[in-house]
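Participant: Sharing query_33.cif (mmCIF, C-alpha atoms (C1' of nucleotides)) below.
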```cif
data_model
#
loop_
_atom_site.group_PDB
_atom_site.id
_atom_site.type_symbol
_atom_site.label_atom_id
_atom_site.label_comp_id
_atom_site.auth_asym_id
_atom_site.auth_seq_id
_atom_site.Cartn_x
_atom_site.Cartn_y
_atom_site.Cartn_z
ATOM 1 C CA MET A 300 109.183 159.048 68.962
ATOM 2 C CA SER A 301 106.713 160.192 71.576
ATOM 3 C CA ARG A 302 106.994 161.107 75.203
ATOM 4 C CA SER A 303 105.035 159.367 77.917
ATOM 5 C CA ASN A 304 101.606 160.611 78.827
ATOM 6 C CA PRO A 305 101.884 161.488 82.534
ATOM 7 C CA ARG A 306 98.444 160.097 83.330
ATOM 8 C CA VAL A 307 99.671 156.638 82.353
ATOM 9 C CA LEU A 308 102.487 156.747 84.857
ATOM 10 C CA SER A 309 100.211 158.083 87.562
ATOM 11 C CA THR A 310 97.713 155.293 86.882
ATOM 12 C CA LEU A 311 100.457 152.690 87.054
ATOM 13 C CA GLU A 312 101.452 154.136 90.429
ATOM 14 C CA ARG A 313 97.876 154.046 91.646
ATOM 15 C CA ALA A 314 97.581 150.419 90.487
ATOM 16 C CA GLY A 315 100.214 149.437 93.009
ATOM 17 C CA GLY A 316 103.018 149.895 90.532
ATOM 18 C CA PHE A 317 102.240 146.601 88.805
ATOM 19 C CA ALA A 318 99.837 146.177 85.889
ATOM 20 C CA SER A 319 99.471 145.189 82.249
ATOM 21 C CA ALA A 320 98.817 147.698 79.481
ATOM 22 C CA GLN A 321 95.266 146.443 79.108
ATOM 23 C CA GLU A 322 94.636 146.790 82.828
ATOM 24 C CA ILE A 323 95.941 150.324 82.893
ATOM 25 C CA TYR A 324 93.736 151.167 79.934
ATOM 26 C CA ARG A 325 90.642 149.661 81.557
ATOM 27 C CA LEU A 326 91.433 151.374 84.834
ATOM 28 C CA MET A 327 91.690 154.768 83.155
ATOM 29 C CA GLN A 328 88.450 154.192 81.283
ATOM 30 C CA ARG A 329 86.657 153.229 84.475
ATOM 31 C CA GLU A 330 87.898 156.417 86.084
ATOM 32 C CA GLY A 331 86.517 158.439 83.224
ATOM 33 C CA GLU A 332 89.867 159.384 81.704
ATOM 34 C CA SER A 333 89.786 159.812 77.967
ATOM 35 C CA ILE A 334 92.749 157.993 76.461
ATOM 36 C CA GLY A 335 93.423 155.586 73.620
ATOM 37 C CA LEU A 336 94.904 152.131 74.030
ATOM 38 C CA THR A 337 97.603 153.096 71.560
ATOM 39 C CA THR A 338 98.735 155.929 73.780
ATOM 40 C CA VAL A 339 98.890 153.627 76.777
ATOM 41 C CA TYR A 340 101.184 151.249 74.900
ATOM 42 C CA ARG A 341 103.320 154.058 73.571
ATOM 43 C CA SER A 342 103.674 155.673 76.965
ATOM 44 C CA LEU A 343 104.652 152.404 78.598
ATOM 45 C CA GLN A 344 107.249 151.729 75.933
ATOM 46 C CA SER A 345 108.692 155.150 76.439
ATOM 47 C CA LEU A 346 108.806 154.650 80.206
ATOM 48 C CA VAL A 347 110.623 151.376 79.646
ATOM 49 C CA ASN A 348 113.147 153.080 77.380
ATOM 50 C CA ASP A 349 113.724 155.710 80.018
ATOM 51 C CA LYS A 350 114.167 152.914 82.556
ATOM 52 C CA ILE A 351 111.403 154.303 84.725
ATOM 53 C CA VAL A 352 109.472 151.056 84.541
ATOM 54 C CA ASP A 353 110.398 147.408 84.149
ATOM 55 C CA VAL A 354 108.722 144.827 81.925
ATOM 56 C CA LEU A 355 108.099 141.287 83.033
ATOM 57 C CA ARG A 356 105.901 138.550 81.591
ATOM 58 C CA ARG A 357 102.966 136.789 83.117
ATOM 59 C CA ASP A 358 102.767 133.042 82.668
ATOM 60 C CA ASP A 359 100.376 133.560 79.777
ATOM 61 C CA GLY A 360 102.849 135.829 78.038
ATOM 62 C CA GLU A 361 101.097 139.121 78.740
ATOM 63 C CA ALA A 362 103.540 141.920 79.513
ATOM 64 C CA ILE A 363 103.288 143.523 82.910
ATOM 65 C CA TYR A 364 104.850 146.863 83.740
ATOM 66 C CA ARG A 365 106.211 147.840 87.054
ATOM 67 C CA LEU A 366 107.792 150.870 88.622
ATOM 68 C CA CYS A 367 111.324 150.130 89.642
ATOM 69 C CA GLY A 368 114.086 151.676 91.633
ATOM 70 C CA ASP A 369 116.933 152.990 89.521
ATOM 71 C CA ALA A 370 119.609 150.637 90.843
ATOM 72 C CA HIS A 371 120.313 147.708 88.531
ATOM 73 C CA HIS A 372 118.793 144.590 90.025
ATOM 74 C CA HIS A 373 117.225 141.265 89.194
ATOM 75 C CA HIS A 374 113.990 139.600 90.162
ATOM 76 C CA LEU A 375 112.877 136.573 92.069
ATOM 77 C CA VAL A 376 109.297 135.974 91.018
ATOM 78 C CA CYS A 377 106.705 133.591 92.419
ATOM 79 C CA LYS A 378 105.090 131.643 89.583
ATOM 80 C CA SER A 379 102.001 131.120 91.663
ATOM 81 C CA CYS A 380 101.091 134.461 93.271
ATOM 82 C CA GLY A 381 103.333 136.825 91.345
ATOM 83 C CA GLU A 382 105.129 138.131 94.414
ATOM 84 C CA THR A 383 108.390 139.682 93.361
ATOM 85 C CA VAL A 384 111.550 140.274 95.294
ATOM 86 C CA GLU A 385 114.303 142.504 93.999
ATOM 87 C CA ILE A 386 117.657 140.856 94.481
ATOM 88 C CA GLU A 387 121.323 141.620 94.165
ATOM 89 C CA GLY A 388 123.125 140.208 91.194
ATOM 90 C CA GLY A 389 126.778 140.744 91.905
ATOM 91 C CA ALA A 390 127.689 137.257 90.756
ATOM 92 C CA ILE A 391 125.810 137.783 87.515
ATOM 93 C CA GLU A 392 127.539 141.031 86.738
ATOM 94 C CA LYS A 393 130.891 139.368 87.034
ATOM 95 C CA TRP A 394 129.800 136.293 85.078
ATOM 96 C CA ALA A 395 128.474 138.444 82.234
ATOM 97 C CA ARG A 396 131.657 140.472 82.103
ATOM 98 C CA VAL A 397 133.901 137.431 82.096
ATOM 99 C CA MET A 398 131.904 135.514 79.490
ATOM 100 C CA ALA A 399 131.693 138.518 77.194
ATOM 101 C CA GLU A 400 135.399 139.124 77.417
ATOM 102 C CA GLU A 401 136.182 135.475 76.821
ATOM 103 C CA HIS A 402 134.254 135.556 73.543
ATOM 104 C CA GLY A 403 135.344 138.984 72.417
ATOM 105 C CA PHE A 404 132.004 140.703 72.911
ATOM 106 C CA ARG A 405 131.753 144.342 73.920
ATOM 107 C CA ASP A 406 129.005 146.744 75.027
ATOM 108 C CA VAL A 407 127.349 143.923 76.888
ATOM 109 C CA GLY A 408 124.198 143.927 78.898
ATOM 110 C CA HIS A 409 122.310 141.028 80.388
ATOM 111 C CA THR A 410 119.016 139.788 81.697
ATOM 112 C CA ALA A 411 118.533 137.316 84.503
ATOM 113 C CA GLU A 412 115.489 136.269 86.445
ATOM 114 C CA ILE A 413 114.756 133.542 88.893
ATOM 115 C CA PHE A 414 111.278 132.124 89.233
ATOM 116 C CA GLY A 415 109.841 129.567 91.595
ATOM 117 C CA ILE A 416 107.235 129.109 94.304
ATOM 118 C CA CYS A 417 107.388 131.410 97.312
ATOM 119 C CA SER A 418 107.081 130.228 100.888
ATOM 120 C CA LYS A 419 103.468 131.374 101.214
ATOM 121 C CA CYS A 420 102.225 129.405 98.199
ATOM 122 C CA MET B 426 92.647 114.999 75.794
ATOM 123 C CA SER B 427 95.183 113.887 73.218
ATOM 124 C CA ARG B 428 98.526 112.180 73.396
ATOM 125 C CA SER B 429 101.678 113.717 72.011
ATOM 126 C CA ASN B 430 102.619 113.098 68.435
ATOM 127 C CA PRO B 431 106.066 111.465 68.641
ATOM 128 C CA ARG B 432 107.369 113.357 65.627
ATOM 129 C CA VAL B 433 106.950 116.606 67.536
ATOM 130 C CA LEU B 434 109.155 115.426 70.368
ATOM 131 C CA SER B 435 111.742 114.093 67.966
ATOM 132 C CA THR B 436 111.787 117.419 66.126
ATOM 133 C CA LEU B 437 112.217 119.307 69.377
ATOM 134 C CA GLU B 438 115.178 117.061 70.154
ATOM 135 C CA ARG B 439 116.678 117.665 66.747
ATOM 136 C CA ALA B 440 116.230 121.416 67.216
ATOM 137 C CA GLY B 441 118.711 121.323 70.070
ATOM 138 C CA GLY B 442 116.023 120.739 72.684
ATOM 139 C CA PHE B 443 114.959 124.386 72.570
ATOM 140 C CA ALA B 444 112.356 125.871 70.225
ATOM 141 C CA SER B 445 108.996 127.606 69.935
ATOM 142 C CA ALA B 446 105.875 125.898 68.613
ATOM 143 C CA GLN B 447 106.036 127.927 65.426
ATOM 144 C CA GLU B 448 109.668 126.999 64.887
ATOM 145 C CA ILE B 449 108.966 123.320 65.361
ATOM 146 C CA TYR B 450 106.082 123.558 62.917
ATOM 147 C CA ARG B 451 108.189 125.338 60.292
ATOM 148 C CA LEU B 452 111.025 122.889 60.806
ATOM 149 C CA MET B 453 108.731 119.912 60.228
ATOM 150 C CA GLN B 454 107.263 121.531 57.141
ATOM 151 C CA ARG B 455 110.692 122.204 55.732
ATOM 152 C CA GLU B 456 111.583 118.567 56.269
ATOM 153 C CA GLY B 457 108.506 117.496 54.366
ATOM 154 C CA GLU B 458 106.591 116.174 57.361
ATOM 155 C CA SER B 459 102.851 116.513 57.068
ATOM 156 C CA ILE B 460 101.472 117.913 60.290
ATOM 157 C CA GLY B 461 99.103 120.654 61.380
ATOM 158 C CA LEU B 462 100.026 123.555 63.602
ATOM 159 C CA THR B 463 97.193 122.548 65.910
ATOM 160 C CA THR B 464 98.756 119.161 66.490
ATOM 161 C CA VAL B 465 102.106 120.745 67.262
ATOM 162 C CA TYR B 466 100.517 122.919 69.938
ATOM 163 C CA ARG B 467 98.506 120.048 71.354
ATOM 164 C CA SER B 468 101.510 117.755 71.483
ATOM 165 C CA LEU B 469 103.643 120.339 73.219
ATOM 166 C CA GLN B 470 100.937 120.986 75.797
ATOM 167 C CA SER B 471 100.689 117.318 76.474
ATOM 168 C CA LEU B 472 104.453 117.019 76.829
ATOM 169 C CA VAL B 473 104.369 119.884 79.305
ATOM 170 C CA ASN B 474 101.610 118.173 81.301
ATOM 171 C CA ASP B 475 103.676 115.020 81.406
ATOM 172 C CA LYS B 476 106.651 117.091 82.547
ATOM 173 C CA ILE B 477 108.709 115.897 79.622
ATOM 174 C CA VAL B 478 109.301 119.461 78.473
ATOM 175 C CA ASP B 479 109.540 122.849 80.167
ATOM 176 C CA VAL B 480 107.992 126.112 78.995
ATOM 177 C CA LEU B 481 109.819 129.399 79.159
ATOM 178 C CA ARG B 482 109.052 132.767 77.585
ATOM 179 C CA ARG B 483 111.113 134.758 75.161
ATOM 180 C CA ASP B 484 111.412 138.471 75.728
ATOM 181 C CA ASP B 485 108.686 139.044 73.165
ATOM 182 C CA GLY B 486 106.329 136.721 75.016
ATOM 183 C CA GLU B 487 106.541 133.772 72.640
ATOM 184 C CA ALA B 488 106.584 130.441 74.466
ATOM 185 C CA ILE B 489 109.644 128.298 74.025
ATOM 186 C CA TYR B 490 109.741 124.622 74.874
ATOM 187 C CA ARG B 491 112.724 122.827 76.262
ATOM 188 C CA LEU B 492 113.409 119.198 77.010
ATOM 189 C CA CYS B 493 113.634 118.675 80.733
ATOM 190 C CA GLY B 494 116.927 117.355 81.968
ATOM 191 C CA ASP B 495 118.539 118.719 78.880
ATOM 192 C CA ALA B 496 121.982 120.086 79.528
ATOM 193 C CA HIS B 497 121.188 123.562 80.698
ATOM 194 C CA HIS B 498 123.082 126.442 79.167
ATOM 195 C CA HIS B 499 122.804 130.145 78.436
ATOM 196 C CA HIS B 500 123.353 132.383 75.447
ATOM 197 C CA LEU B 501 125.646 135.162 74.447
ATOM 198 C CA VAL B 502 123.950 136.987 71.606
ATOM 199 C CA CYS B 503 125.274 139.638 69.246
ATOM 200 C CA LYS B 504 122.800 142.522 69.021
ATOM 201 C CA SER B 505 124.126 143.431 65.620
ATOM 202 C CA CYS B 506 124.457 140.204 63.589
ATOM 203 C CA GLY B 507 122.549 137.812 65.814
ATOM 204 C CA GLU B 508 125.414 135.383 66.261
ATOM 205 C CA THR B 509 124.802 133.233 69.293
ATOM 206 C CA VAL B 510 127.266 131.392 71.487
ATOM 207 C CA GLU B 511 126.170 128.799 74.013
ATOM 208 C CA ILE B 512 127.920 129.346 77.293
ATOM 209 C CA GLU B 513 128.298 127.687 80.645
ATOM 210 C CA GLY B 514 126.403 129.222 83.499
ATOM 211 C CA GLY B 515 127.801 127.538 86.570
ATOM 212 C CA ALA B 516 127.957 130.802 88.464
ATOM 213 C CA ILE B 517 124.326 131.519 87.623
ATOM 214 C CA GLU B 518 123.129 128.152 88.820
ATOM 215 C CA LYS B 519 124.698 128.712 92.174
ATOM 216 C CA TRP B 520 123.469 132.288 92.380
ATOM 217 C CA ALA B 521 119.913 131.217 91.607
ATOM 218 C CA ARG B 522 120.030 128.470 94.183
ATOM 219 C CA VAL B 523 121.420 130.700 96.909
ATOM 220 C CA MET B 524 119.021 133.572 96.228
ATOM 221 C CA ALA B 525 116.021 131.275 96.151
ATOM 222 C CA GLU B 526 116.981 129.636 99.394
ATOM 223 C CA GLU B 527 117.620 132.969 101.040
ATOM 224 C CA HIS B 528 114.071 134.079 100.261
ATOM 225 C CA GLY B 529 112.340 130.771 100.919
ATOM 226 C CA PHE B 530 111.490 129.997 97.280
ATOM 227 C CA ARG B 531 111.354 126.427 95.993
ATOM 228 C CA ASP B 532 111.023 124.710 92.608
ATOM 229 C CA VAL B 533 113.135 127.423 91.093
ATOM 230 C CA GLY B 534 114.247 127.886 87.536
ATOM 231 C CA HIS B 535 115.922 130.841 85.923
ATOM 232 C CA THR B 536 116.668 132.619 82.693
ATOM 233 C CA ALA B 537 119.817 134.513 81.881
ATOM 234 C CA GLU B 538 121.180 135.929 78.662
ATOM 235 C CA ILE B 539 124.033 138.194 77.799
ATOM 236 C CA PHE B 540 123.860 140.428 74.764
ATOM 237 C CA GLY B 541 126.427 142.726 73.234
ATOM 238 C CA ILE B 542 128.439 143.331 70.076
ATOM 239 C CA CYS B 543 130.594 140.492 68.809
ATOM 240 C CA SER B 544 134.178 140.916 67.663
ATOM 241 C CA LYS B 545 133.255 140.770 63.959
ATOM 242 C CA CYS B 546 130.732 143.604 64.144
ATOM 243 C "C1'" DG C 332 82.492 94.610 58.844
ATOM 244 C "C1'" DC C 333 80.991 97.970 62.753
ATOM 245 C "C1'" DA C 334 80.726 101.163 66.239
ATOM 246 C "C1'" DC C 335 83.028 104.298 69.000
ATOM 247 C "C1'" DA C 336 86.746 106.882 70.932
ATOM 248 C "C1'" DA C 337 90.885 109.304 70.004
ATOM 249 C "C1'" DA C 338 93.679 112.016 66.798
ATOM 250 C "C1'" DT C 339 94.062 115.286 63.252
ATOM 251 C "C1'" DG C 340 94.032 119.680 60.878
ATOM 252 C "C1'" DA C 341 91.736 123.566 58.327
ATOM 253 C "C1'" DA C 342 89.601 127.482 59.327
ATOM 254 C "C1'" DA C 343 87.710 130.755 62.434
ATOM 255 C "C1'" DA C 344 88.036 133.047 66.900
ATOM 256 C "C1'" DT C 345 90.675 135.354 70.473
ATOM 257 C "C1'" DG C 346 93.612 138.540 72.620
ATOM 258 C "C1'" DA C 347 97.700 141.247 73.109
ATOM 259 C "C1'" DT C 348 100.462 144.248 70.684
ATOM 260 C "C1'" DT C 349 101.963 147.090 66.687
ATOM 261 C "C1'" DT C 350 101.303 149.777 62.631
ATOM 262 C "C1'" DT C 351 99.054 153.140 59.729
ATOM 263 C "C1'" DC C 352 97.352 157.344 58.951
ATOM 264 C "C1'" DA C 353 94.550 161.264 59.350
ATOM 265 C "C1'" DT C 354 93.600 164.688 62.817
ATOM 266 C "C1'" DT C 355 94.550 167.708 66.595
ATOM 267 C "C1'" DC C 356 97.556 170.230 69.550
ATOM 268 C "C1'" DC C 357 101.485 173.098 70.663
ATOM 269 C "C1'" DC C 358 104.563 176.539 69.940
ATOM 270 C "C1'" DA C 359 107.950 179.367 67.766
ATOM 271 C "C1'" DT C 360 108.436 182.744 64.373
ATOM 272 C "C1'" DA C 361 107.013 186.070 60.679
ATOM 273 C "C1'" DT D 1467 97.470 187.508 65.050
ATOM 274 C "C1'" DA D 1468 98.285 184.145 61.167
ATOM 275 C "C1'" DT D 1469 100.949 180.112 59.818
ATOM 276 C "C1'" DG D 1470 103.817 176.233 59.310
ATOM 277 C "C1'" DG D 1471 105.934 172.245 61.114
ATOM 278 C "C1'" DG D 1472 106.752 168.818 64.377
ATOM 279 C "C1'" DA D 1473 104.897 166.059 68.231
ATOM 280 C "C1'" DA D 1474 100.980 163.677 70.281
ATOM 281 C "C1'" DT D 1475 96.793 161.267 69.790
ATOM 282 C "C1'" DG D 1476 93.583 157.574 68.810
ATOM 283 C "C1'" DA D 1477 90.485 154.843 65.678
ATOM 284 C "C1'" DA D 1478 90.838 151.289 62.812
ATOM 285 C "C1'" DA D 1479 93.359 147.802 60.513
ATOM 286 C "C1'" DA D 1480 97.191 144.609 60.562
ATOM 287 C "C1'" DT D 1481 100.042 141.134 62.862
ATOM 288 C "C1'" DC D 1482 101.136 137.192 65.359
ATOM 289 C "C1'" DA D 1483 100.951 133.524 68.676
ATOM 290 C "C1'" DT D 1484 97.730 130.654 70.584
ATOM 291 C "C1'" DT D 1485 93.144 128.439 71.282
ATOM 292 C "C1'" DT D 1486 88.734 126.785 69.857
ATOM 293 C "C1'" DT D 1487 85.492 124.642 66.777
ATOM 294 C "C1'" DC D 1488 84.108 121.149 64.135
ATOM 295 C "C1'" DA D 1489 84.052 117.924 60.527
ATOM 296 C "C1'" DT D 1490 86.904 114.167 58.951
ATOM 297 C "C1'" DT D 1491 90.102 110.381 59.422
ATOM 298 C "C1'" DT D 1492 92.268 106.708 61.891
ATOM 299 C "C1'" DG D 1493 92.721 102.959 64.961
ATOM 300 C "C1'" DT D 1494 91.016 99.394 67.994
ATOM 301 C "C1'" DG D 1495 88.209 96.175 70.234
ATOM 302 C "C1'" DC D 1496 84.170 93.353 69.339
#
```
Show how you would write the structure in this file as structure tokens.
Facilitator:
Amino acid sequence: MSRSNPRVLSTLERAGGFASAQEIYRLMQREGESIGLTTVYRSLQSLVNDKIVDVLRRDDGEAIYRLCGDAHHHHLVCKSCGETVEIEGGAIEKWARVMAEEHGFRDVGHTAEIFGICSKC
Amino acid sequence: MSRSNPRVLSTLERAGGFASAQEIYRLMQREGESIGLTTVYRSLQSLVNDKIVDVLRRDDGEAIYRLCGDAHHHHLVCKSCGETVEIEGGAIEKWARVMAEEHGFRDVGHTAEIFGICSKC
DNA sequence: GCACAAATGAAAATGATTTTCATTCCCATA
DNA sequence: TATGGGAATGAAAATCATTTTCATTTGTGC
């Protein structure tokens, strides 16, 4: 297992905290940083494991990485412009817990996202 | 532009109204239907254009197609053995609707899955 | 039968992501 | 200061879903 290359995180921050692996790679190249695409992917994966960044998916399936606050939250994403709002998921937490218990599951986690068209689009 | 091959739609229905292009293709092959992967993709695209099916994304980015108006449900998945239980998500539906409204989003959909360890594992 | 448009599918192209593997770097210890 | 091993790196190849290309087949109206 490898640790994250700090330049990757700093580039993601500079990119507005929202970019794909390929974009981060291209950005670093353009800025004259010497790094391999492999290292970018590895660093991002490691940041995801450490819960320092979030992964979402563009409509075309490309993964986008984003810095996130440490509190557990969910996302409301605009399918058109990509605007993202972090939202509370209290109801979800309870739902997940109840459903898991009802079916005898333990060590449960969950994912939940809402997507639609924001008011500006 | 091409029209949808009816066997693709019927296979998607038989698959529980929820499958990826590759899965539909493999399913048709296994059932002895003669069809090309290209036609499967083209048919699904056409069904999406006609709003007969929905596209979502798996966590790994693979596109999954779902019959619109199909009874909507969620999954409880065992991380260890893969067993999957279909569950009701009434609470989620309401949560999604409320959150979307609160932030001025429209045409909203959502994804939600719970994963954990089942009682057998 | 004939021409022409639509449908089909094999194979190649594309693009993101992952894997492989040899090399380089770091660092603790002899 | 050597040296040995583990971690980090990146080029190149492999993988996998999806799209494109293009030649062939099929269907339909005339």
Participant: Compute the chain A side of the contact with chain C at 9 Å, counting only C-alpha atoms (C1' of nucleotides), and hand it back as an mmCIF file with C-alpha atoms, in the frame of the given file.
Facilitator:
```
data_model
loop_
_atom_site.group_PDB
_atom_site.id
_atom_site.type_symbol
_atom_site.label_atom_id
_atom_site.label_comp_id
_atom_site.auth_asym_id
_atom_site.auth_seq_id
_atom_site.Cartn_x
_atom_site.Cartn_y
_atom_site.Cartn_z
ATOM 1 C CA GLN A 321 95.266 146.443 79.108
ATOM 2 C CA THR A 337 97.603 153.096 71.560
ATOM 3 C CA TYR A 340 101.184 151.249 74.900
ATOM 4 C CA GLY A 360 102.849 135.829 78.038
ATOM 5 C CA GLU A 361 101.097 139.121 78.740
ATOM 6 C CA ALA A 362 103.540 141.920 79.513
#
```
Participant: Need to verify the contact set: Arg329 of chain A, 12 Å, all atoms listed in the file, exclusion of same-chain residues closer than 6 positions in sequence. Can you return it as a list in words?
Facilitator: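 Within the cut-off, the hits are Thr310, Glu322 and Ile323 of chain A.
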Participant: Superposing chain B on chain A by least squares with every Cα paired in order, what RMSD results?
Facilitator: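 After least-squares fitting, the two copies differ by 4.0 Å C-alpha RMSD.
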Participant: Which residues, named as in the file, does the PyMOL selection byres ((chain B) within 9 of (chain A)) pick out? Answer as a ChimeraX atom specification.
Facilitator: /B:481-488,501-503,510,512-514,516-517,520-521,524-525,528-545
Participant: Any idea what the distance is between atom CA of Val339 of chain A and atom CA of Cys367 of chain A?
Facilitator: 18.2 Å
Participant: Measuring between only C-alpha atoms (C1' of nucleotides), which one of A:Leu336, A:Leu308, A:Ala318, A:Met327 shows the shortest distance to chain D?
Facilitator: A:Leu336
Participant: Evaluate the PyMOL selection byres ((chain D) within 9 of (chain B)) on the structure here and hand back the selected residues as a list of chain:residue names.
Facilitator: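 Listing what the PyMOL selection byres ((chain D) within 9 of (chain B)) selects in the shown file: D:DA1483, D:DT1484, D:DT1485.
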Participant: Can you measure atom CA of Ile460 of chain B to atom C1' of DG1493 of chain D for me? One decimal in Å is fine.
Facilitator: 17.9 Å
Participant: In Å, how far is it from atom CA of Ala314 of chain A to atom C1' of DA1474 of chain D?
Facilitator: 24.4 Å
Participant: Let me know the residues the PyMOL selection byres ((chain B and resi 477-479) around 6) catches in the file above, as a list in words.
Facilitator: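 On the file shown, the PyMOL selection byres ((chain B and resi 477-479) around 6) covers Leu472, Val473, Asp475, Lys476, Val480, Tyr490, Arg491, Leu492 and Cys493 of chain B.
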